[in-house]
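K.L.:
Dropping the structure in here first, questions after.
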Amino acid sequence: MKKSIILFILLTLLSVGGIIYGCVFVDAVISEAKLTEETLVGDRKVAEGISVGFRADSGDDIHWINSYDYSSGKSESDFKRGEILEAEENSIFDDIQRDKSFGKGDLTKTVKTSLYEDIRFTGWDTESFVTELDYESLNGLQEKEIHAFYEKVQERVVESGKAESGEIRLGNYLDYYPVCFSFQFGAQRYDSGSALNGLKIYDVKGNLSPENGAAYDRDVALYTSLNDIFKIPVIDNEYHKYEVSKAEEYNPEISLGYNTEVTKLFDGKSDYYEFDPIMALQEEKDNNKLLFIVNNRTAKGKPVDVSQICGGYGVYELPIEEESTTVEMGPRVVAVPDLIPMHDDISMIYAIDETAEYVEMSLSEDNRYLAIFSVKDGKYFVEMIDADSWTSDGIVEIFPTSEMMTYAWGEDGSLVATNHEDYVAVLVRREIGETGNKEIDYDMIYSGKISSDFDDTFFTDKMASKKNSYGKYHCGVDLGLAVASTDGKVALVQNPTSKDLNMLSDTNKNDRLAALEVAVIDKDGLAYRGLLKNELSDPGNGIVPVGSENWVKW
């Protein structure tokens with residue numbers, strides 16, 4: 001018995017010792033894994049002054065930081081074990097950049113509370129086409145003819161029990177498109193379709209009262225305001241297919257005795273329009289705003305009439321007021337922001353060209369400038385607008401049109417973009433005027449072709465996309481590309497793919513690896529391109545870069 005106990009203790013000690021040795025060995029390997037630089041193209045001297053870095057994680061909770069200084073050629077490699085904790089501040093990566101010492105930072109990451117989640121004006125919801133209401137807050141916005149048509153079909157189906165289907169030309173029943181929406185501000189969900197349908201149920205059952213309707217007051221008020229402002233006439237060739245069937249089993253408390261399905265036809269003769277704006281959220285202390293531009297094209301790319309929009313065609317602002325509400329999360333009660341769209345204060349703040357097609361808008365990280373991307377005459381354009389004074393130096397052509405456009409902001413306000421067909425454009429801020437009274441404008445330091453694989457390496461197609469639901473152009477921001485500018489040149493930093501490193505192994509050739517590729521662009525184009533890697537950059541080691549925490553500084 002004693003021998004067994006002794007043997008068990010020895011095996012346990014050996015096992016623990018093996019684990020400790022393994023951890024120490026792995027820790028030593030990682031801490032010694034220094035980056036080495038390889039120049040691929042151009043003159044390395046133009047990169048002097050740059051410091052870069054990235055973070056990578058492994059499945060066993062090892063968090064690895066690498067940095068490299070081009071002036072000294074010095075590489076630093078640090079790591080920490082353990083689960084990354086959610087926190088409102090004290091980012092682990094911020095600590096590294098401030099202290100240049102990974103060991104001094106807490107193992108936490110910043111959690112940014114976004115003001116919106118999945119925010120999108122649907123333009124697709126047909127509830128407003130098939131919901132006839134006697135509700136004073138709607139101010140007569142519901143179109144009577146189309147509601148009367150569907151009401152008669154629904155009544156026949158409920159009475160006969162037989163489904164009915166057919167096709168209608170929308171312009172025969174409706175003058176303007178209803179402006180529908182479905183999005184979330186903070187803890188509050190706003191959905192015009194759900195609100196109208198809920199009111200319909202109350203109305204039909206004779207229970208429509210101020211109390212029952214109050215749950216939808218905000219939705220209906222926003223719906224009414226948007227429809228008052230945005231008058232988009234129905235196009236001539238929009239056709240809808242409908243099918244109404246009797247509901248065999250349904251909950252009378254939350255639904256009616258029929259199902260109505262409406263789909264938009266899209267063929268040789270048919271087209272359709274969706275009110276589906278491009279948007280940006282301006283987050284500032286006690287002054288949050290949703291900025292948006294109404295989509296002015298049909299699904300086939302034909303222009304629509306925007307001349308009847310009250311206030312004109314341009315960038316519109318929807319102010320958002322922040323209150324606080326409490327939410328039960330298990331045993332805890334948590335205060336969360338309750339963000340209320342101020343529908344009475346919607347206004348047009350910057351006029352734009354009705355003939356251009358607007359495909360993307362985005363604010364710089366400091367919320368100071370708004371970039372608006374548009375397409376016209378086969379070319380992409382960008383306009384950099386001062387979001388304080390709402391002034392601009394005008395629209396700038398950047399490169400030929402393609403179906404995909406990706407961009408990235410630098411912390412210093414620099415902006416780079418590609419059309420994924422070898423063209424890259426770079427814009428940087430410049431300060432003018434005397435110290436203390438400076439204005440900021442933008443210069444285009446380069447726009448043109450680079451090498452055939454540059455855009456694929458530095459710009460990922462796995463971007464944070466704000467693609468219109470059925471839009472032709474796919475535009476979005478690359479969260480993994482780090483950008484910084486100085487003295488007429490811009491540095492770009494990105495994790496390379498397996499293909500870039502010729503390390504295909506068993507992984508996807510487009511997976512990003514724990515290494516860095518660095519480029520410098522000046523007025524003549526690509527001035528330098530280099531690779532930073534070490535033995536831990538191999539795709540088979542399970543170490544994956546956290547692309548959103550790449551960084552570069554001059």
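By convention in this document, the chains of the structure tokens carry letters A, B, ... by their order, each chain's residues are numbered from 1, and ligands are numbered from 1 in the order they are shown.
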Which parts of region 333-465 of chain A does DSSP call strand (DSSP E) when run on the backbone here, written out as a PyMOL selection string?
P.N.:
chain A and resi 333-341+347-351+357-363+369-376+379-386+391-400+404-409+415-418+423-432+439-449+464-465
K.L.:
Which neighbours of Gly257 (chain A) fall inside 10 Å, counting only C-alpha atoms, when residues of the same chain fewer than 3 positions from it are skipped, and could you give them as a ChimeraX atom specification?
P.N.:
/A:154-155,157-158,245-252
K.L.:
Residues at most 9 Å from Ser402 (chain A), counting only C-alpha atoms, excluding those fewer than 2 positions away in the same chain, as a list of chain:residue names?
P.N.:
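Using only C-alpha atoms, the neighbours found are A:Gly378, A:Lys379, A:Tyr380, A:Pro400, A:Met404, A:Met405, A:Asn419, A:His420, A:Glu421, A:Tyr473, A:His474.
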K.L.:
Kindly save the residues from that selection, with all heavy atoms included, as an mmCIF file, in the first residue's frame.
P.N.:
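Below is the file part.cif, written as the result:
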```
data_model
loop_
_atom_site.group_PDB
_atom_site.id
_atom_site.type_symbol
_atom_site.label_atom_id
_atom_site.label_comp_id
_atom_site.auth_asym_id
_atom_site.auth_seq_id
_atom_site.Cartn_x
_atom_site.Cartn_y
_atom_site.Cartn_z
ATOM 1 N N GLY A 378 -18.004 56.155 -63.714
ATOM 2 C CA GLY A 378 -17.025 55.064 -63.684
ATOM 3 C C GLY A 378 -15.847 55.288 -62.765
ATOM 4 O O GLY A 378 -14.828 54.600 -62.885
ATOM 5 N N LYS A 379 -15.952 56.221 -61.828
ATOM 6 C CA LYS A 379 -14.836 56.511 -60.926
ATOM 7 C C LYS A 379 -15.348 56.631 -59.489
ATOM 8 O O LYS A 379 -16.479 57.035 -59.240
ATOM 9 C CB LYS A 379 -14.130 57.815 -61.323
ATOM 10 C CG LYS A 379 -13.556 57.814 -62.722
ATOM 11 C CD LYS A 379 -12.884 59.143 -63.019
ATOM 12 C CE LYS A 379 -12.314 59.174 -64.437
ATOM 13 N NZ LYS A 379 -13.382 59.161 -65.449
ATOM 14 N N TYR A 380 -14.447 56.271 -58.544
ATOM 15 C CA TYR A 380 -14.696 56.521 -57.130
ATOM 16 C C TYR A 380 -14.202 57.923 -56.784
ATOM 17 O O TYR A 380 -13.139 58.361 -57.235
ATOM 18 C CB TYR A 380 -13.938 55.532 -56.240
ATOM 19 C CG TYR A 380 -14.653 54.231 -55.970
ATOM 20 C CD1 TYR A 380 -14.221 53.039 -56.544
ATOM 21 C CD2 TYR A 380 -15.741 54.186 -55.110
ATOM 22 C CE1 TYR A 380 -14.856 51.839 -56.279
ATOM 23 C CE2 TYR A 380 -16.393 52.994 -54.840
ATOM 24 C CZ TYR A 380 -15.948 51.832 -55.427
ATOM 25 O OH TYR A 380 -16.592 50.646 -55.160
ATOM 26 N N PRO A 400 -10.511 54.191 -60.343
ATOM 27 C CA PRO A 400 -11.639 53.666 -61.131
ATOM 28 C C PRO A 400 -12.608 52.851 -60.274
ATOM 29 O O PRO A 400 -12.241 52.276 -59.254
ATOM 30 C CB PRO A 400 -10.957 52.782 -62.188
ATOM 31 C CG PRO A 400 -9.554 53.276 -62.268
ATOM 32 C CD PRO A 400 -9.209 53.743 -60.883
ATOM 33 N N MET A 404 -15.895 46.480 -55.197
ATOM 34 C CA MET A 404 -15.445 46.434 -53.813
ATOM 35 C C MET A 404 -14.470 47.568 -53.552
ATOM 36 O O MET A 404 -13.593 47.843 -54.366
ATOM 37 C CB MET A 404 -14.788 45.093 -53.500
ATOM 38 C CG MET A 404 -14.364 44.940 -52.038
ATOM 39 S SD MET A 404 -13.583 43.345 -51.692
ATOM 40 C CE MET A 404 -14.973 42.244 -51.906
ATOM 41 N N MET A 405 -14.665 48.241 -52.419
ATOM 42 C CA MET A 405 -13.760 49.303 -52.006
ATOM 43 C C MET A 405 -13.539 49.170 -50.506
ATOM 44 O O MET A 405 -14.484 49.059 -49.745
ATOM 45 C CB MET A 405 -14.354 50.671 -52.342
ATOM 46 C CG MET A 405 -13.417 51.856 -52.106
ATOM 47 S SD MET A 405 -13.441 52.492 -50.410
ATOM 48 C CE MET A 405 -15.120 53.082 -50.256
ATOM 49 N N ASN A 419 -9.413 49.857 -54.451
ATOM 50 C CA ASN A 419 -10.563 49.291 -55.171
ATOM 51 C C ASN A 419 -10.381 47.803 -55.426
ATOM 52 O O ASN A 419 -11.152 47.195 -56.172
ATOM 53 C CB ASN A 419 -10.795 50.029 -56.494
ATOM 54 C CG ASN A 419 -9.668 49.815 -57.498
ATOM 55 O OD1 ASN A 419 -8.621 49.260 -57.174
ATOM 56 N ND2 ASN A 419 -9.879 50.263 -58.729
ATOM 57 N N HIS A 420 -9.357 47.197 -54.831
ATOM 58 C CA HIS A 420 -9.039 45.767 -54.968
ATOM 59 C C HIS A 420 -8.757 45.381 -56.415
ATOM 60 O O HIS A 420 -8.893 44.220 -56.797
ATOM 61 C CB HIS A 420 -10.157 44.894 -54.388
ATOM 62 C CG HIS A 420 -10.246 44.988 -52.895
ATOM 63 N ND1 HIS A 420 -9.461 44.247 -52.049
ATOM 64 C CD2 HIS A 420 -11.017 45.760 -52.098
ATOM 65 C CE1 HIS A 420 -9.745 44.544 -50.797
ATOM 66 N NE2 HIS A 420 -10.688 45.464 -50.796
ATOM 67 N N GLU A 421 -8.359 46.372 -57.206
ATOM 68 C CA GLU A 421 -7.897 46.113 -58.571
ATOM 69 C C GLU A 421 -6.568 46.824 -58.787
ATOM 70 O O GLU A 421 -6.338 47.457 -59.822
ATOM 71 C CB GLU A 421 -8.952 46.562 -59.586
ATOM 72 C CG GLU A 421 -10.223 45.712 -59.543
ATOM 73 C CD GLU A 421 -11.243 46.106 -60.598
ATOM 74 O OE1 GLU A 421 -11.027 47.116 -61.322
ATOM 75 O OE2 GLU A 421 -12.270 45.410 -60.699
ATOM 76 N N TYR A 473 -22.358 48.065 -54.812
ATOM 77 C CA TYR A 473 -21.004 48.302 -54.315
ATOM 78 C C TYR A 473 -20.851 47.796 -52.883
ATOM 79 O O TYR A 473 -21.685 48.049 -52.022
ATOM 80 C CB TYR A 473 -20.671 49.797 -54.390
ATOM 81 C CG TYR A 473 -20.777 50.321 -55.795
ATOM 82 C CD1 TYR A 473 -21.885 51.058 -56.200
ATOM 83 C CD2 TYR A 473 -19.795 50.035 -56.737
ATOM 84 C CE1 TYR A 473 -22.002 51.520 -57.496
ATOM 85 C CE2 TYR A 473 -19.897 50.485 -58.039
ATOM 86 C CZ TYR A 473 -21.011 51.224 -58.414
ATOM 87 O OH TYR A 473 -21.120 51.659 -59.700
ATOM 88 N N HIS A 474 -19.755 47.103 -52.660
ATOM 89 C CA HIS A 474 -19.467 46.483 -51.373
ATOM 90 C C HIS A 474 -18.327 47.272 -50.741
ATOM 91 O O HIS A 474 -17.180 47.180 -51.175
ATOM 92 C CB HIS A 474 -19.060 45.031 -51.606
ATOM 93 C CG HIS A 474 -18.903 44.231 -50.358
ATOM 94 N ND1 HIS A 474 -18.477 42.932 -50.358
ATOM 95 C CD2 HIS A 474 -19.112 44.548 -49.056
ATOM 96 C CE1 HIS A 474 -18.429 42.478 -49.112
ATOM 97 N NE2 HIS A 474 -18.799 43.446 -48.316
#
```
K.L.:
Smallest atom-to-atom distance to Thr418 (chain A): which of A:Tyr442, A:Phe121, A:Asp388, A:Gly476, using only C-alpha atoms?
P.N.:
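For Thr418 (chain A), the nearest of the candidates is A:Gly476.
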K.L.:
Among region 168-381 of chain A, which residues carry a DSSP assignment of helix (DSSP H, G or I), reported as a ChimeraX atom specification?
P.N.:
/A:170-172,192-204,210-214,217-229,343-345
K.L.:
For N, CA and C atoms, I'd like the residues from the last selection saved as a JSON list (two decimals), in the first residue's frame.
P.N.:
```
[["chain", "number", "residue", "atom", "x", "y", "z"],
["A", 170, "LEU", "N", -46.88, 48.47, -58.01],
["A", 170, "LEU", "CA", -46.94, 49.23, -56.77],
["A", 170, "LEU", "C", -47.43, 50.66, -57.00],
["A", 171, "GLY", "N", -47.05, 51.26, -58.13],
["A", 171, "GLY", "CA", -47.42, 52.64, -58.40],
["A", 171, "GLY", "C", -48.91, 52.85, -58.57],
["A", 172, "ASN", "N", -49.67, 51.77, -58.80],
["A", 172, "ASN", "CA", -51.13, 51.90, -58.91],
["A", 172, "ASN", "C", -51.78, 52.11, -57.55],
["A", 192, "SER", "N", -40.13, 49.53, -37.05],
["A", 192, "SER", "CA", -41.39, 50.09, -37.53],
["A", 192, "SER", "C", -42.38, 48.98, -37.89],
["A", 193, "GLY", "N", -41.89, 47.89, -38.48],
["A", 193, "GLY", "CA", -42.77, 46.80, -38.87],
["A", 193, "GLY", "C", -43.45, 46.15, -37.68],
["A", 194, "SER", "N", -42.66, 45.85, -36.64],
["A", 194, "SER", "CA", -43.24, 45.23, -35.44],
["A", 194, "SER", "C", -44.23, 46.17, -34.77],
["A", 195, "ALA", "N", -43.90, 47.46, -34.74],
["A", 195, "ALA", "CA", -44.79, 48.43, -34.11],
["A", 195, "ALA", "C", -46.11, 48.54, -34.85],
["A", 196, "LEU", "N", -46.05, 48.64, -36.18],
["A", 196, "LEU", "CA", -47.29, 48.77, -36.96],
["A", 196, "LEU", "C", -48.14, 47.51, -36.86],
["A", 197, "ASN", "N", -47.47, 46.36, -36.88],
["A", 197, "ASN", "CA", -48.22, 45.11, -36.77],
["A", 197, "ASN", "C", -48.87, 44.98, -35.40],
["A", 198, "GLY", "N", -48.13, 45.38, -34.35],
["A", 198, "GLY", "CA", -48.70, 45.33, -33.01],
["A", 198, "GLY", "C", -49.90, 46.25, -32.87],
["A", 199, "LEU", "N", -49.81, 47.42, -33.44],
["A", 199, "LEU", "CA", -50.94, 48.36, -33.39],
["A", 199, "LEU", "C", -52.13, 47.83, -34.18],
["A", 200, "LYS", "N", -51.84, 47.15, -35.28],
["A", 200, "LYS", "CA", -52.91, 46.56, -36.10],
["A", 200, "LYS", "C", -53.72, 45.56, -35.27],
["A", 201, "ILE", "N", -53.01, 44.72, -34.51],
["A", 201, "ILE", "CA", -53.69, 43.70, -33.69],
["A", 201, "ILE", "C", -54.56, 44.37, -32.64],
["A", 202, "TYR", "N", -54.01, 45.38, -31.97],
["A", 202, "TYR", "CA", -54.81, 46.11, -30.99],
["A", 202, "TYR", "C", -56.04, 46.74, -31.66],
["A", 203, "ASP", "N", -55.84, 47.29, -32.84],
["A", 203, "ASP", "CA", -56.91, 48.00, -33.54],
["A", 203, "ASP", "C", -58.05, 47.06, -33.93],
["A", 204, "VAL", "N", -57.70, 45.92, -34.55],
["A", 204, "VAL", "CA", -58.70, 44.97, -35.02],
["A", 204, "VAL", "C", -59.50, 44.42, -33.84],
["A", 210, "PRO", "N", -54.57, 54.45, -25.58],
["A", 210, "PRO", "CA", -53.28, 55.09, -25.30],
["A", 210, "PRO", "C", -52.32, 54.18, -24.55],
["A", 211, "GLU", "N", -52.85, 53.32, -23.67],
["A", 211, "GLU", "CA", -51.98, 52.42, -22.92],
["A", 211, "GLU", "C", -51.36, 51.37, -23.83],
["A", 212, "ASN", "N", -52.20, 50.73, -24.67],
["A", 212, "ASN", "CA", -51.69, 49.69, -25.56],
["A", 212, "ASN", "C", -50.73, 50.26, -26.60],
["A", 213, "GLY", "N", -51.05, 51.46, -27.06],
["A", 213, "GLY", "CA", -50.21, 52.06, -28.09],
["A", 213, "GLY", "C", -48.91, 52.62, -27.57],
["A", 214, "ALA", "N", -48.83, 52.87, -26.25],
["A", 214, "ALA", "CA", -47.66, 53.54, -25.68],
["A", 214, "ALA", "C", -46.37, 52.77, -25.90],
["A", 217, "ASP", "N", -44.86, 54.06, -29.07],
["A", 217, "ASP", "CA", -44.86, 55.50, -29.31],
["A", 217, "ASP", "C", -43.59, 55.99, -29.98],
["A", 218, "ARG", "N", -42.43, 55.54, -29.48],
["A", 218, "ARG", "CA", -41.17, 56.01, -30.06],
["A", 218, "ARG", "C", -41.03, 55.56, -31.51],
["A", 219, "ASP", "N", -41.36, 54.29, -31.76],
["A", 219, "ASP", "CA", -41.25, 53.77, -33.12],
["A", 219, "ASP", "C", -42.14, 54.55, -34.07],
["A", 220, "VAL", "N", -43.39, 54.76, -33.66],
["A", 220, "VAL", "CA", -44.36, 55.43, -34.52],
["A", 220, "VAL", "C", -43.97, 56.89, -34.74],
["A", 221, "ALA", "N", -43.46, 57.56, -33.69],
["A", 221, "ALA", "CA", -43.05, 58.95, -33.82],
["A", 221, "ALA", "C", -41.89, 59.09, -34.81],
["A", 222, "LEU", "N", -40.92, 58.16, -34.73],
["A", 222, "LEU", "CA", -39.80, 58.20, -35.66],
["A", 222, "LEU", "C", -40.26, 57.87, -37.08],
["A", 223, "TYR", "N", -41.14, 56.87, -37.19],
["A", 223, "TYR", "CA", -41.70, 56.49, -38.49],
["A", 223, "TYR", "C", -42.43, 57.67, -39.13],
["A", 224, "THR", "N", -43.22, 58.37, -38.34],
["A", 224, "THR", "CA", -43.98, 59.50, -38.85],
["A", 224, "THR", "C", -43.05, 60.63, -39.31],
["A", 225, "SER", "N", -42.04, 60.94, -38.51],
["A", 225, "SER", "CA", -41.11, 62.02, -38.86],
["A", 225, "SER", "C", -40.34, 61.71, -40.14],
["A", 226, "LEU", "N", -39.83, 60.48, -40.24],
["A", 226, "LEU", "CA", -39.07, 60.10, -41.43],
["A", 226, "LEU", "C", -39.94, 60.15, -42.68],
["A", 227, "ASN", "N", -41.17, 59.70, -42.56],
["A", 227, "ASN", "CA", -42.06, 59.71, -43.72],
["A", 227, "ASN", "C", -42.53, 61.11, -44.08],
["A", 228, "ASP", "N", -42.58, 62.01, -43.11],
["A", 228, "ASP", "CA", -42.88, 63.41, -43.39],
["A", 228, "ASP", "C", -41.78, 64.06, -44.23],
["A", 229, "ILE", "N", -40.53, 63.67, -43.96],
["A", 229, "ILE", "CA", -39.38, 64.33, -44.60],
["A", 229, "ILE", "C", -39.03, 63.70, -45.94],
["A", 343, "HIS", "N", -36.57, 62.48, -32.96],
["A", 343, "HIS", "CA", -37.16, 62.51, -34.29],
["A", 343, "HIS", "C", -37.59, 63.92, -34.73],
["A", 344, "ASP", "N", -37.91, 64.79, -33.78],
["A", 344, "ASP", "CA", -38.33, 66.15, -34.14],
["A", 344, "ASP", "C", -37.16, 67.02, -34.61],
["A", 345, "ASP", "N", -35.94, 66.56, -34.37],
["A", 345, "ASP", "CA", -34.76, 67.38, -34.68],
["A", 345, "ASP", "C", -33.97, 66.88, -35.89]]
```
K.L.:
Quick one: residues within 10 Å of Phe149 (chain A), only C-alpha atoms counted, chain neighbours fewer than 3 positions away excluded, as a list in words?
P.N.:
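Returned residues: Phe129, Val130, Lys144, Glu145, Ile146, Lys152, Val153, Gln154 and Tyr173 of chain A.
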K.L.:
For CA of Val179 (chain A) and CA of Ser165 (chain A), quote the distance in Å rounded to one decimal.
P.N.:
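Atom-to-atom, CA of Val179 (chain A) to CA of Ser165 (chain A), that is 25.3 Å.
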